[in-house]
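Asker: Sharing a structure with you now.
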Amino acid sequence: MKKLKFPENFDWGTASSGPQSEGSKDKPHESLWDYWYKNDKERFFQKVGPKVTCDSYNRYKEDIKIMAELGLKSFRTSIQWTRLIKNLETGEPDPKAVEFYNDYINEMIKNGIEPVMNLFHFDTPIELEQKYGGFKSKKVTELYVKFAKTAFELFGDRVKRWITFNEPVAHTKGAYLYDFIYPTELSTKSFAQANYNILLAHAGACEVYRSLQLGGEIGIVLDLLPPIPRSTRSADKYAAKVADLFFNMIFMDPCVNGQYDDEYLEILEKHDCMIDVLPGEKELIKDNIVDFIGINYYQPQRVRAPKYTPNMNAPFTPNWYFEDYEMPNRRMNVHRGWEIYPKSIYDIAMRVKNEFGNIKWFISENGMGVQNEERFLNKDGMIEDDYRIEFIKEHLEWLHKAMEEGSNCQGYHLWTFVDNWSWTNAYKNRYGYVSLDLKTRNRTIKKSGYWIKKVIEDNGFEPLEDEFE
């Protein structure tokens, strides 16, 4: 069988985040996660919080050594706002944090790992949440841009790929629509305004970065879940369109094309959820489109027209227009409760090519979370995660097909390198190429880690026999 080959400069990497890997030691401020865990431990699986995580704050050199051993070319993590910034109002950095991030970045570069730095991964400083209302406030937007400027000035001489936000819609959905991120407010108006203010923060950071002329690129990472309608009925197709507007195009359109889709704004206005737009803001967004897009993909979003007419006396939510649809006999990762549908990687790739000018992009997250992986330990103490290898292979096969058809994809980052802490799910599901012993925090490479090492060496792999079925 013919081996699938990827371009010579293809970026094989992994992704994590500061709050999920570093732990909270030595931070001058609490994040919303630190605060929420301290005050409501019952919301977290087995009451495990973000204090230590996988302790990359102390063990990053060990992690980077393993990355180099596996041949990984890059690593995406995030600079914690709550760690780097000492004075949240002025953007003054904390000296100990500056020393840590300098050492972290330098260690990556020394070992041939490109640092890809993200500035926000769901971790608003709780002080700004309580004082101003988080990203519902344009004051927090201004303070974020000060934080970004500090990071660019400190590390931009070495970091040449910057990301402003990771999955902003996932953050705002959890905080303002669906009750899985603090402050769990449940308000569509707050959801819309927070998204808009995040967009302004993103555009402001892009403007500042380019003004510093540091010679790199800046983009954003989005969780582009393709809304697949239950049927070809017009009602189901419209349901998918509205889901797309609220959860995909809300950032893809302005970040790539410089403006919102008019229909999205019309729906907000119809339901008294219109955003507050000040003079000059539209121009800021239009003038600061991204250099690249990162796209996180785990599962599709299948939707249908709502079964019932919404209660017009209840507060408006986007789900007045659509509801999730569970396709019968769908293939599942039963541990995570997510559908496995690799073809969506291809659909995403072709959509970027055909609708968004074939902008440069990469898979910034993809992966398979599995519970109780110690079941798969062999006699040598290695986890034989063949299920993860199969999952990655299938998704890469569809990605390769899209690239052969002209999609401008630059790389693939697995979530994650070493099993890390995963928000309220803590360590329920494991995702890494490398396993983590929760008692000792020791690392052990899984079978998938050795597999990806060979893939990187060969810049390709033998496809599965049932390719594209």
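Identifiers in the structure tokens: chain A, B, ... in order shown; residue index from 1 per chain; ligand index from 1 in order shown.
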Near region 39-49 of chain A, counting only C-alpha atoms, which residues have an atom at most 6 Å away, once you skip same-chain residues fewer than 3 positions from it, shown as number ranges by chain?
Answerer: A: 36, 424-426
Asker: Against region 269-273 of chain A, which residues of region 105-211 of chain A fall within 9 Å? For each one I want the closest pair of atoms and the distance in Å (one decimal), counting only C-alpha atoms, rows by chain and increasing residue number, as a Markdown table.
Answerer:
```
| residue | atom | partner | partner_atom | distance |
| --- | --- | --- | --- | --- |
| A:Thr188 | CA | A:Cys273 | CA | 6.8 |
| A:Lys189 | CA | A:Cys273 | CA | 4.5 |
| A:Ser190 | CA | A:Cys273 | CA | 8.2 |
| A:Ala192 | CA | A:Cys273 | CA | 7.1 |
| A:Gln193 | CA | A:Cys273 | CA | 8.3 |
```
Asker: Can you write just those residues out, N, CA and C atoms, as a PDB file, in the first residue's frame?
Answerer:
```pdb
ATOM      1  N   THR A 188     -27.711  35.363  26.698  1.00  0.00           N
ATOM      2  CA  THR A 188     -27.266  35.471  25.311  1.00  0.00           C
ATOM      3  C   THR A 188     -26.701  36.853  25.020  1.00  0.00           C
ATOM      4  N   LYS A 189     -27.252  37.875  25.632  1.00  0.00           N
ATOM      5  CA  LYS A 189     -26.714  39.230  25.425  1.00  0.00           C
ATOM      6  C   LYS A 189     -25.275  39.324  25.933  1.00  0.00           C
ATOM      7  N   SER A 190     -25.013  38.733  27.103  1.00  0.00           N
ATOM      8  CA  SER A 190     -23.645  38.717  27.623  1.00  0.00           C
ATOM      9  C   SER A 190     -22.735  37.891  26.715  1.00  0.00           C
ATOM     10  N   ALA A 192     -23.028  37.443  23.456  1.00  0.00           N
ATOM     11  CA  ALA A 192     -22.730  38.200  22.245  1.00  0.00           C
ATOM     12  C   ALA A 192     -21.746  39.331  22.521  1.00  0.00           C
ATOM     13  N   GLN A 193     -21.944  40.062  23.621  1.00  0.00           N
ATOM     14  CA  GLN A 193     -21.059  41.195  23.921  1.00  0.00           C
ATOM     15  C   GLN A 193     -19.659  40.725  24.292  1.00  0.00           C
TER      16      GLN A 193
END
```
Asker: For region 392-399 of chain A, find every residue with an atom within 9 Å (counting only C-alpha atoms), except residues of its own chain fewer than 6 positions away, and show them as a list of chain:residue names.
Answerer: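 The filter keeps A:Leu4, A:Tyr341, A:Pro342, A:Lys343, A:Ser344, A:Ile345, A:Tyr346, A:Asp347, A:Ala349, A:Asn366, A:Gly367, A:Met368, A:Ser407, A:Cys409, A:Tyr412, A:Leu414, A:Phe461, A:Glu462, A:Pro463, A:Leu464, A:Glu467, A:Phe468.
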Asker: Which polymer residues have any atom within 10 Å of an atom of Glu457 (chain A), counting only C-alpha atoms, with same-chain residues fewer than 5 positions away left out, as a PyMOL selection string?
Answerer: chain A and resi 70-72+452
Asker: What parts of region 350-440 of chain A does DSSP call strand (DSSP E)? I'd like the answer as a VMD selection string.
Answerer: chain A and resid 361 to 365 409 to 415 434 to 436
Asker: Between A:Pro50, A:Pro93, A:Pro168, A:Gly411, single out the one closest to Ile250 (chain A), counting only C-alpha atoms.
Answerer: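 Closest residue, counting only C-alpha atoms: A:Pro168.
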Asker: Which value, in Å to one decimal, gives the distance between CA of Lys453 (chain A) and CA of Trp421 (chain A)?
Answerer: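 Taking CA of Lys453 (chain A) and CA of Trp421 (chain A), their separation equals 24.0 Å.
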Asker: Name all residues at most 6 Å from Thr184 (chain A) (count only C-alpha atoms; drop same-chain ones fewer than 4 positions away) and give them as an MDAnalysis selection string.
Answerer: chainID A and resid 175:176 179
Asker: Enumerate as a PyMOL selection string all residues of region 115-173 of chain A assigned to alpha helix (DSSP H) by DSSP on the backbone, naming them with the chain letters and numbers the document uses.
Answerer: chain A and resi 126-132+138-155+168-173
Asker: Could the residues in this selection be written to a file with N, CA and C atoms, as a short mmCIF file (atom, residue, chain, number, x, y, z; two decimals), in the first residue's frame?
Answerer:
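Contents of result03.cif, freshly written:
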```
data_model
loop_
_atom_site.label_atom_id
_atom_site.label_comp_id
_atom_site.auth_asym_id
_atom_site.auth_seq_id
_atom_site.Cartn_x
_atom_site.Cartn_y
_atom_site.Cartn_z
N ILE A 126 -9.32 36.41 37.98
CA ILE A 126 -10.59 36.53 38.71
C ILE A 126 -10.81 37.96 39.18
N GLU A 127 -9.75 38.69 39.45
CA GLU A 127 -9.86 40.08 39.86
C GLU A 127 -10.58 40.91 38.80
N LEU A 128 -10.27 40.64 37.53
CA LEU A 128 -10.90 41.38 36.44
C LEU A 128 -12.33 40.89 36.19
N GLU A 129 -12.59 39.64 36.48
CA GLU A 129 -13.95 39.12 36.39
C GLU A 129 -14.83 39.79 37.43
N GLN A 130 -14.34 39.89 38.64
CA GLN A 130 -15.14 40.43 39.74
C GLN A 130 -15.24 41.95 39.69
N LYS A 131 -14.18 42.61 39.28
CA LYS A 131 -14.15 44.08 39.28
C LYS A 131 -14.89 44.67 38.08
N TYR A 132 -14.73 44.04 36.91
CA TYR A 132 -15.28 44.63 35.69
C TYR A 132 -16.32 43.77 34.97
N LYS A 138 -15.37 46.34 28.11
CA LYS A 138 -14.31 46.78 27.20
C LYS A 138 -13.07 47.23 27.97
N LYS A 139 -13.22 47.48 29.26
CA LYS A 139 -12.04 47.77 30.08
C LYS A 139 -11.12 46.57 30.11
N VAL A 140 -11.69 45.37 30.24
CA VAL A 140 -10.87 44.15 30.25
C VAL A 140 -10.22 43.94 28.89
N THR A 141 -10.91 44.32 27.83
CA THR A 141 -10.32 44.29 26.49
C THR A 141 -9.05 45.13 26.45
N GLU A 142 -9.13 46.33 26.99
CA GLU A 142 -7.95 47.22 27.02
C GLU A 142 -6.82 46.61 27.84
N LEU A 143 -7.15 46.00 28.98
CA LEU A 143 -6.13 45.43 29.84
C LEU A 143 -5.49 44.20 29.20
N TYR A 144 -6.29 43.43 28.45
CA TYR A 144 -5.73 42.29 27.71
C TYR A 144 -4.69 42.77 26.70
N VAL A 145 -4.97 43.85 25.98
CA VAL A 145 -4.02 44.35 24.98
C VAL A 145 -2.72 44.80 25.65
N LYS A 146 -2.81 45.38 26.85
CA LYS A 146 -1.59 45.73 27.60
C LYS A 146 -0.79 44.47 27.94
N PHE A 147 -1.48 43.43 28.38
CA PHE A 147 -0.83 42.15 28.66
C PHE A 147 -0.16 41.60 27.41
N ALA A 148 -0.86 41.64 26.29
CA ALA A 148 -0.30 41.13 25.04
C ALA A 148 0.95 41.91 24.65
N LYS A 149 0.89 43.22 24.77
CA LYS A 149 2.04 44.06 24.41
C LYS A 149 3.25 43.70 25.27
N THR A 150 3.03 43.50 26.56
CA THR A 150 4.12 43.10 27.45
C THR A 150 4.75 41.79 26.98
N ALA A 151 3.90 40.81 26.65
CA ALA A 151 4.40 39.51 26.19
C ALA A 151 5.18 39.65 24.88
N PHE A 152 4.66 40.42 23.94
CA PHE A 152 5.35 40.61 22.66
C PHE A 152 6.73 41.22 22.88
N GLU A 153 6.79 42.25 23.73
CA GLU A 153 8.05 42.96 23.95
C GLU A 153 9.08 42.08 24.66
N LEU A 154 8.62 41.23 25.55
CA LEU A 154 9.52 40.37 26.30
C LEU A 154 10.04 39.18 25.50
N PHE A 155 9.16 38.58 24.68
CA PHE A 155 9.50 37.29 24.07
C PHE A 155 9.44 37.29 22.54
N PRO A 168 -12.29 30.98 21.61
CA PRO A 168 -13.05 31.98 22.37
C PRO A 168 -14.53 31.63 22.51
N VAL A 169 -15.13 31.00 21.50
CA VAL A 169 -16.55 30.66 21.61
C VAL A 169 -16.78 29.56 22.65
N ALA A 170 -15.84 28.63 22.76
CA ALA A 170 -15.98 27.61 23.80
C ALA A 170 -16.00 28.26 25.18
N HIS A 171 -15.15 29.26 25.35
CA HIS A 171 -15.10 29.99 26.63
C HIS A 171 -16.41 30.71 26.90
N THR A 172 -16.92 31.44 25.92
CA THR A 172 -18.13 32.22 26.15
C THR A 172 -19.38 31.35 26.22
N LYS A 173 -19.41 30.26 25.46
CA LYS A 173 -20.53 29.31 25.59
C LYS A 173 -20.61 28.77 27.01
#
```
Asker: Of the residues A:Leu284, A:Ile340, A:Ile218, A:Ala15, which is the one nearest to Asn296 (chain A), using only C-alpha atoms?
Answerer: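 Counting only C-alpha atoms, the residue closest to Asn296 (chain A) is A:Ala15.
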Asker: Take CA of Val52 (chain A) and CA of Asp385 (chain A) and report the distance between them in Å, one decimal.
Answerer: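 Separation between CA of Val52 (chain A) and CA of Asp385 (chain A): 25.4 Å.
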Asker: Let me make sure I understand: among A:Ile275, A:Arg351, A:Thr317, A:Glu266, which one has the smallest atom-to-atom distance to Pro226 (chain A) if we use only C-alpha atoms?
Answerer: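 For Pro226 (chain A), the nearest of the candidates is A:Arg351.
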Asker: For Arg331 (chain A), which of A:Phe191, A:Tyr178, A:Trp361, A:Phe391 is the closest residue, counting only C-alpha atoms?
Answerer: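 Of the candidates, the smallest distance to Arg331 (chain A) is held by A:Phe391.
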Asker: Looking at A:Met117, A:Cys54, A:Ile198, A:Ile348, which one is nearest to Pro254 (chain A), with distances taken over only C-alpha atoms?
Answerer: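 Nearest to Pro254 (chain A): A:Ile198.
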Asker: Could you tell me which of A:Glu323, A:Glu107, A:Glu355, A:Asp223 comes closest to Ala240 (chain A) if we count only C-alpha atoms?
Answerer: A:Glu323
Asker: Extract, using only C-alpha atoms, all DNA, RNA and protein residues at most 8 Å from Trp162 (chain A), discarding same-chain residues fewer than 5 positions from it, and format them as a ChimeraX atom specification.
Answerer: /A:116-119,216-219
Asker: Taking C-alpha atoms for each residue, export the selection above as a compact mmCIF listing (two decimals), in the first residue's frame.
Answerer:
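File written: selection-v5.txt
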```txt
# COMPACT_ATOMS: atom_id res chain seq x y z
CA VAL A 116 4.00 28.68 19.49
CA MET A 117 2.62 31.00 22.16
CA ASN A 118 -1.03 31.61 22.93
CA LEU A 119 -2.14 34.48 25.16
CA GLY A 216 6.57 36.97 13.06
CA GLU A 217 2.95 36.02 12.49
CA ILE A 218 -0.20 36.31 14.57
CA GLY A 219 -3.46 34.39 14.38
```
Asker: Residues at most 8 Å from Gly18 (chain A), counting only C-alpha atoms, excluding those fewer than 3 positions away in the same chain, as a VMD selection string?
Answerer: chain A and resid 21 to 23 77 to 80 121
